[in-house]
Number of protein chains: 2
Amino acid sequence: MSTPEPGPGAREALLDAAEVLFARQGFGPTTIKEIGSAADLNPALLYYYFGNKEELYRAVLVRIVGELVRRGQARVDAAVSPEDAIRGVVETQMAFLIAHPTAPKLFVREMLDHEARRGEQVILQLAAGLFRRLCETIEEGQRSGVFRADVEPRFAAVSIISQMVYFNLARPAVGLFYGLGPDGITDDITRDFGKHAGEFALRALRAEAGSGNER
Amino acid sequence: MSTPEPGPGAREALLDAAEVLFARQGFGPTTIKEIGSAADLNPALLYYYFGNKEELYRAVLVRIVGELVRRGQARVDAAVSPEDAIRGVVETQMAFLIAHPTAPKLFVREMLDHEARRGEQVILQLAAGLFRRLCETIEEGQRSGVFRADVEPRFAAVSIISQMVYFNLARPAVGLFYGLGPDGITDDITRDFGKHAGEFALRALRAEAGSGNER
DNA sequence: GTCTATAGGTGGATAGAC
DNA sequence: GTCTATCCACCTATAGAC
């Protein structure tokens with residue numbers, strides 16, 4: 001009585017298939033036919049739903065990066081202190097990157113391809129929002145004296161973000177460095193790294209005990 | 001009397017042109033004809049010197065990443081203390097990455113494309129050498145008591161490397177985050193970030209003053 | 001909404017002259 | 001060593017049947 005596979009399902013299936021392939025291979029080397037067969041759909045449907053390959057790419061990117069940034073910002077906004085904010089974003093973002101391994105790859109590919117201006121600045125504008133929020137948090141911690149004042153907040157924000165993104169994109173390489181093979185880094189190890197990254201950043205940021213904090 | 005442009009010159013010119021294009025666009029989207037016209041040479045020469053596109057890619061990668069790793073290792077070996085080693089590698093590597101902006105891009109692209117196994121493990125094996133050296137340095141600092149013992153050395157090594165690579169590959173994005181435009185991050189700012197990254201890592205690693213160091 | 005067929009263009013690679 | 005000409009495979013995109 002109902003149609004077996006209505007339109008909306010096809011749209012999502014194409015997005016899902018394209019997300020995986022763009023992340024693994026990049027935009028250029030991924031073909032329309034590959035996307036179609038990965039989604040188990042006719043490749044021509046891509047043109048019906050998205051117009052062309054680039055529009056599909058953009059749709060994939062705003063869906064995944066938008067969600068990543070949204071969750072990070074929500075966690076910062078919910079934080080009760082600068083320390084909590086930093087620990088919280090790192091934990092939240094790591095959890096998201098583990099659940100969506102395509103996200104860091106797509107994000108970094110987009111930065112690398114930026115000169116080719118494919119996704120244009122949509123994604124970077126999204127990311128800029130989270131970046132600024134993180135900077136403000138660090139500045140707040142500096143004003144209240146919990147963080148040392150001689151750190152450039154924007155540099156510190158890069159230091160924090162870089163660890164999360166890089167570890168996830170370097171997972172196969174790190175596995176080889178460990179001598180465990182390309183699949184040697186489990187999700188558990190990755191979560192542990194997340195805890196490490198949070199503490200690493202906080203220790204680097206915290207003001208020395210007794211440097212003017214005595215009342 | 002001497003030939004105007006002997007063979008060796010052509011080989012280098014192809015490597016140079018390919019390095020820039022592979023870094024900017026990636027392996028797949030870069031065409032043989034583009035490389036030829038960028039090098040101001042006949043594209044067919046590529047097959048004479050390198051056999052095919054993939055071999056050229058491999059040659060580009062081992063040349064640049066090999067040099068990057070070699071310099072980093074030399075600096076670690078020349079260090080007089082674990083602290084000096086870390087500050088030194090970061091400074092040396094940042095200087096190299098600034099002088100060779102293609103290096104971080106090629107290296108990260110290779111990690112992303114690793115599943116496609118194009119450069120195979122040549123580059124990762126090179127990088128693994130530097131990674132291990134860095135781990136050993138951190139362990140040495142822990143044994144001597146200057147670094148805290150509750151840090152996983154391999155995690156810390158990733159934290160250090162990630163900052164350097166990521167900042168350089170995210171330069172255009174960071175420029176936008178700063179509100180300076182894609183070319184807003186100068187080499188001077190990048191060098192400043194290098195100093196920040198070194199101090200950031202050392203503060204995170206150092207054992208608390210007075211936690212057993214009193215004689 | 002879905003699919004077939006195909007147009008139109010470009011890419012990697014080679015043969016062979018010079 | 002260098003260059004021209006060219007083959008064949010494959011890719012994006014569209015026209016149009018169902």
# chains A, B, ... in the order shown; residues from 1 in each chain; ligands from 1

call {"tool": "interface_residues", "arguments": {"of": "chain B", "to": "chain C", "cutoff": "12 Å", "atoms": "only C-alpha atoms (C1' of nucleotides)", "output": "number ranges by chain"}}
result
B: 28-34, 43-48, 51-54

call {"tool": "write_last_selection", "arguments": {"atoms": "C-alpha atoms", "output": "CSV table (one decimal), in the first residue's frame"}}
result
chain,number,residue,atom,x,y,z
B,28,GLY,CA,43.8,12.7,-7.8
B,29,PRO,CA,42.8,16.1,-9.0
B,30,THR,CA,46.3,17.0,-10.1
B,31,THR,CA,46.8,16.2,-13.8
B,32,ILE,CA,50.0,15.3,-15.6
B,33,LYS,CA,49.4,18.2,-18.0
B,34,GLU,CA,49.2,20.7,-15.1
B,43,PRO,CA,54.3,16.3,-19.6
B,44,ALA,CA,55.6,13.2,-21.3
B,45,LEU,CA,59.0,13.7,-19.5
B,46,LEU,CA,57.3,12.6,-16.4
B,47,TYR,CA,57.1,9.1,-17.7
B,48,TYR,CA,60.7,9.1,-18.7
B,51,GLY,CA,57.5,5.9,-14.8
B,52,ASN,CA,54.1,7.1,-13.8
B,53,LYS,CA,52.2,9.6,-11.7
B,54,GLU,CA,52.3,7.5,-8.5

call {"tool": "residues_around", "arguments": {"residues": "stretch 56-71 of chain A", "least_positions_apart": "4", "cutoff": "7 Å", "atoms": "only C-alpha atoms (C1' of nucleotides)", "output": "compact mmCIF listing (two decimals) with all heavy atoms, in the first residue's frame"}}
result
# COMPACT_ATOMS: atom_id res chain seq x y z
N LEU A 15 23.36 11.16 0.98
CA LEU A 15 24.20 11.94 1.89
C LEU A 15 25.11 11.02 2.70
O LEU A 15 26.31 11.28 2.83
CB LEU A 15 23.32 12.77 2.84
CG LEU A 15 22.76 14.09 2.31
CD1 LEU A 15 21.74 14.68 3.27
CD2 LEU A 15 23.89 15.09 2.06
N GLU A 19 29.12 10.98 2.32
CA GLU A 19 29.91 11.38 3.48
C GLU A 19 31.10 10.44 3.68
O GLU A 19 32.24 10.88 3.85
CB GLU A 19 29.03 11.37 4.73
CG GLU A 19 29.74 11.81 5.98
CD GLU A 19 28.82 11.78 7.20
OE1 GLU A 19 27.70 12.33 7.13
OE2 GLU A 19 29.22 11.17 8.22
N PHE A 50 20.30 16.97 -5.68
CA PHE A 50 21.30 17.97 -5.29
C PHE A 50 21.80 18.86 -6.43
O PHE A 50 22.56 19.78 -6.19
CB PHE A 50 22.50 17.28 -4.63
CG PHE A 50 22.14 16.54 -3.37
CD1 PHE A 50 21.86 15.18 -3.40
CD2 PHE A 50 22.05 17.21 -2.16
CE1 PHE A 50 21.52 14.50 -2.25
CE2 PHE A 50 21.71 16.53 -1.00
CZ PHE A 50 21.44 15.17 -1.04
N ASN A 52 24.16 18.88 -8.53
CA ASN A 52 25.44 18.37 -9.01
C ASN A 52 26.29 17.89 -7.85
O ASN A 52 25.89 17.96 -6.68
CB ASN A 52 26.17 19.40 -9.86
CG ASN A 52 26.47 20.67 -9.08
OD1 ASN A 52 26.75 20.62 -7.89
ND2 ASN A 52 26.35 21.81 -9.73
N ARG A 75 27.96 22.81 24.78
CA ARG A 75 28.67 22.39 25.98
C ARG A 75 29.40 23.56 26.64
O ARG A 75 29.44 23.67 27.87
CB ARG A 75 29.67 21.28 25.63
CG ARG A 75 30.40 20.69 26.82
CD ARG A 75 29.43 20.05 27.80
NE ARG A 75 30.09 19.57 29.02
CZ ARG A 75 30.41 20.35 30.04
NH1 ARG A 75 30.15 21.64 29.99
NH2 ARG A 75 30.99 19.84 31.12
N PHE A 96 32.09 12.93 19.90
CA PHE A 96 31.48 13.10 18.59
C PHE A 96 32.42 12.60 17.48
O PHE A 96 31.99 11.91 16.55
CB PHE A 96 31.15 14.57 18.34
CG PHE A 96 30.36 14.80 17.08
CD1 PHE A 96 28.98 14.68 17.08
CD2 PHE A 96 30.99 15.10 15.88
CE1 PHE A 96 28.24 14.87 15.93
CE2 PHE A 96 30.27 15.29 14.72
CZ PHE A 96 28.88 15.17 14.74
N ALA A 103 33.94 12.96 10.33
CA ALA A 103 33.92 14.40 10.61
C ALA A 103 35.32 15.04 10.59
O ALA A 103 35.52 16.03 9.87
CB ALA A 103 33.23 14.68 11.94
N GLY A 119 33.80 24.06 -0.74
CA GLY A 119 32.71 24.26 0.21
C GLY A 119 32.60 25.74 0.57
O GLY A 119 31.83 26.12 1.41
N ILE A 123 31.72 26.24 6.05
CA ILE A 123 32.16 25.41 7.17
C ILE A 123 33.09 26.18 8.08
O ILE A 123 33.02 26.08 9.30
CB ILE A 123 32.88 24.15 6.63
CG1 ILE A 123 31.98 23.45 5.66
CG2 ILE A 123 33.28 23.25 7.76
CD1 ILE A 123 32.20 23.92 4.24
N LEU A 126 31.20 28.34 10.32
CA LEU A 126 30.64 27.56 11.43
C LEU A 126 31.71 27.35 12.49
O LEU A 126 31.50 27.60 13.68
CB LEU A 126 30.17 26.19 10.92
CG LEU A 126 28.82 26.12 10.22
CD1 LEU A 126 28.62 24.74 9.61
CD2 LEU A 126 27.70 26.43 11.18
N ALA A 127 32.87 26.86 12.05
CA ALA A 127 33.94 26.55 12.99
C ALA A 127 34.41 27.80 13.72
O ALA A 127 34.77 27.74 14.90
CB ALA A 127 35.11 25.90 12.25
N LEU A 130 32.67 28.40 17.09
CA LEU A 130 33.16 27.63 18.24
C LEU A 130 34.52 28.14 18.69
O LEU A 130 34.80 28.23 19.90
CB LEU A 130 33.26 26.15 17.85
CG LEU A 130 33.80 25.20 18.92
CD1 LEU A 130 33.01 25.32 20.21
CD2 LEU A 130 33.76 23.76 18.42

call {"tool": "interface_residues", "arguments": {"of": "chain D", "to": "chain A", "cutoff": "9 Å", "atoms": "only C-alpha atoms (C1' of nucleotides)", "output": "PyMOL selection string"}}
result
chain D and resi 11-13

call {"tool": "write_last_selection", "arguments": {"atoms": "C-alpha atoms (C1' of nucleotides)", "output": "compact mmCIF listing (two decimals), in the first residue's frame"}}
result
# COMPACT_ATOMS: atom_id res chain seq x y z
C1' DC D 11 33.89 10.88 -15.64
C1' DT D 12 30.08 14.50 -15.17
C1' DA D 13 25.94 15.74 -16.69

call {"tool": "closest_atom_pairs", "arguments": {"of": "chain B", "to": "chain A", "cutoff": "8 Å", "atoms": "only C-alpha atoms", "output": "tab-separated table"}}
result
residue	atom	partner	partner_atom	distance
B:Arg24	CA	A:Asp113	CA	6.8
B:Gln25	CA	A:Asp113	CA	6.3
B:Gly28	CA	A:Pro29	CA	5.6
B:Pro29	CA	A:Gly28	CA	5.6
B:Lys105	CA	A:Leu112	CA	6.8
B:Arg109	CA	A:Arg109	CA	7.8
B:Met111	CA	A:Ala170	CA	6.4
B:Leu112	CA	A:Lys105	CA	6.8
B:Asp113	CA	A:Gln25	CA	6.3
B:His114	CA	A:Pro172	CA	8.0
B:Glu115	CA	A:Arg24	CA	7.4
B:Ala116	CA	A:Gln25	CA	7.5
B:Leu124	CA	A:Ala173	CA	6.5
B:Gln125	CA	A:Phe177	CA	7.9
B:Ala128	CA	A:Phe177	CA	5.1
B:Phe131	CA	A:Phe177	CA	7.1
B:Arg132	CA	A:Phe177	CA	7.4
B:Val151	CA	A:His196	CA	7.7
B:Phe155	CA	A:Phe193	CA	6.4
B:Val158	CA	A:Phe167	CA	7.0
B:Ser159	CA	A:Gln163	CA	5.6
B:Ser162	CA	A:Gln163	CA	5.6
B:Gln163	CA	A:Ser159	CA	5.5
B:Tyr166	CA	A:Ser162	CA	5.7
B:Phe167	CA	A:Val158	CA	7.0
B:Leu169	CA	A:Leu112	CA	6.8
B:Ala170	CA	A:Met111	CA	6.4
B:Pro172	CA	A:Met111	CA	7.8
B:Ala173	CA	A:Leu124	CA	6.5
B:Leu176	CA	A:Ala128	CA	7.6
B:Phe177	CA	A:Ala128	CA	5.1
B:Phe193	CA	A:Phe155	CA	6.4
B:His196	CA	A:Phe155	CA	7.2
B:Ala197	CA	A:Ser159	CA	7.2
B:Phe200	CA	A:Ala204	CA	5.2
B:Ala201	CA	A:Ala204	CA	6.8
B:Leu202	CA	A:Ala204	CA	7.7
B:Arg203	CA	A:Ala204	CA	4.9
B:Ala204	CA	A:Ala204	CA	4.5
B:Leu205	CA	A:Phe200	CA	7.7

call {"tool": "write_last_selection", "arguments": {"atoms": "C-alpha atoms", "output": "mmCIF file, in the first residue's frame"}}
result
data_model
loop_
_atom_site.group_PDB
_atom_site.id
_atom_site.type_symbol
_atom_site.label_atom_id
_atom_site.label_comp_id
_atom_site.auth_asym_id
_atom_site.auth_seq_id
_atom_site.Cartn_x
_atom_site.Cartn_y
_atom_site.Cartn_z
ATOM 1 C CA ARG B 24 47.442 22.299 -2.968
ATOM 2 C CA GLN B 25 45.052 19.929 -4.756
ATOM 3 C CA GLY B 28 43.811 12.683 -7.777
ATOM 4 C CA PRO B 29 42.784 16.148 -8.968
ATOM 5 C CA LYS B 105 49.850 19.607 3.674
ATOM 6 C CA ARG B 109 47.042 14.408 2.873
ATOM 7 C CA MET B 111 47.616 10.281 6.342
ATOM 8 C CA LEU B 112 44.106 10.976 5.076
ATOM 9 C CA ASP B 113 44.644 9.017 1.890
ATOM 10 C CA HIS B 114 46.436 6.259 3.710
ATOM 11 C CA GLU B 115 43.631 3.787 3.153
ATOM 12 C CA ALA B 116 44.214 4.275 -0.550
ATOM 13 C CA LEU B 124 54.786 6.888 7.978
ATOM 14 C CA GLN B 125 57.852 4.807 8.714
ATOM 15 C CA ALA B 128 57.595 6.907 13.188
ATOM 16 C CA PHE B 131 57.822 9.965 17.000
ATOM 17 C CA ARG B 132 59.756 7.307 18.895
ATOM 18 C CA VAL B 151 51.519 11.397 31.594
ATOM 19 C CA PHE B 155 49.978 10.831 24.118
ATOM 20 C CA VAL B 158 50.997 13.417 19.771
ATOM 21 C CA SER B 159 49.991 16.561 21.638
ATOM 22 C CA SER B 162 49.644 17.944 16.511
ATOM 23 C CA GLN B 163 50.028 21.597 17.430
ATOM 24 C CA TYR B 166 47.729 21.610 12.607
ATOM 25 C CA PHE B 167 48.546 25.292 12.953
ATOM 26 C CA LEU B 169 47.727 23.507 7.771
ATOM 27 C CA ALA B 170 44.989 25.607 9.313
ATOM 28 C CA PRO B 172 44.078 30.184 6.173
ATOM 29 C CA ALA B 173 41.263 29.079 8.477
ATOM 30 C CA LEU B 176 39.559 33.883 9.027
ATOM 31 C CA PHE B 177 38.923 33.096 12.699
ATOM 32 C CA PHE B 193 52.821 30.237 17.824
ATOM 33 C CA HIS B 196 53.758 29.249 22.493
ATOM 34 C CA ALA B 197 53.463 25.571 21.554
ATOM 35 C CA PHE B 200 52.482 25.094 26.390
ATOM 36 C CA ALA B 201 53.812 21.543 26.189
ATOM 37 C CA LEU B 202 56.557 22.097 28.768
ATOM 38 C CA ARG B 203 54.167 23.596 31.327
ATOM 39 C CA ALA B 204 51.848 20.624 30.825
ATOM 40 C CA LEU B 205 54.729 18.190 31.267
#

call {"tool": "select_by_dssp", "arguments": {"residues": "stretch 29-180 of chain A", "states": "alpha helix (DSSP H)", "output": "PyMOL selection string"}}
result
chain A and resi 32-39+45-50+53-77+82-99+102-112+122-143+153-169+171-178

call {"tool": "atom_distance", "arguments": {"atom1": "atom CA of A:Thr92", "atom2": "atom CA of A:Ile185"}}
result
19.2 Å

call {"tool": "atom_distance", "arguments": {"atom1": "atom CA of A:Thr137", "atom2": "atom CA of A:Pro82"}}
result
5.6 Å
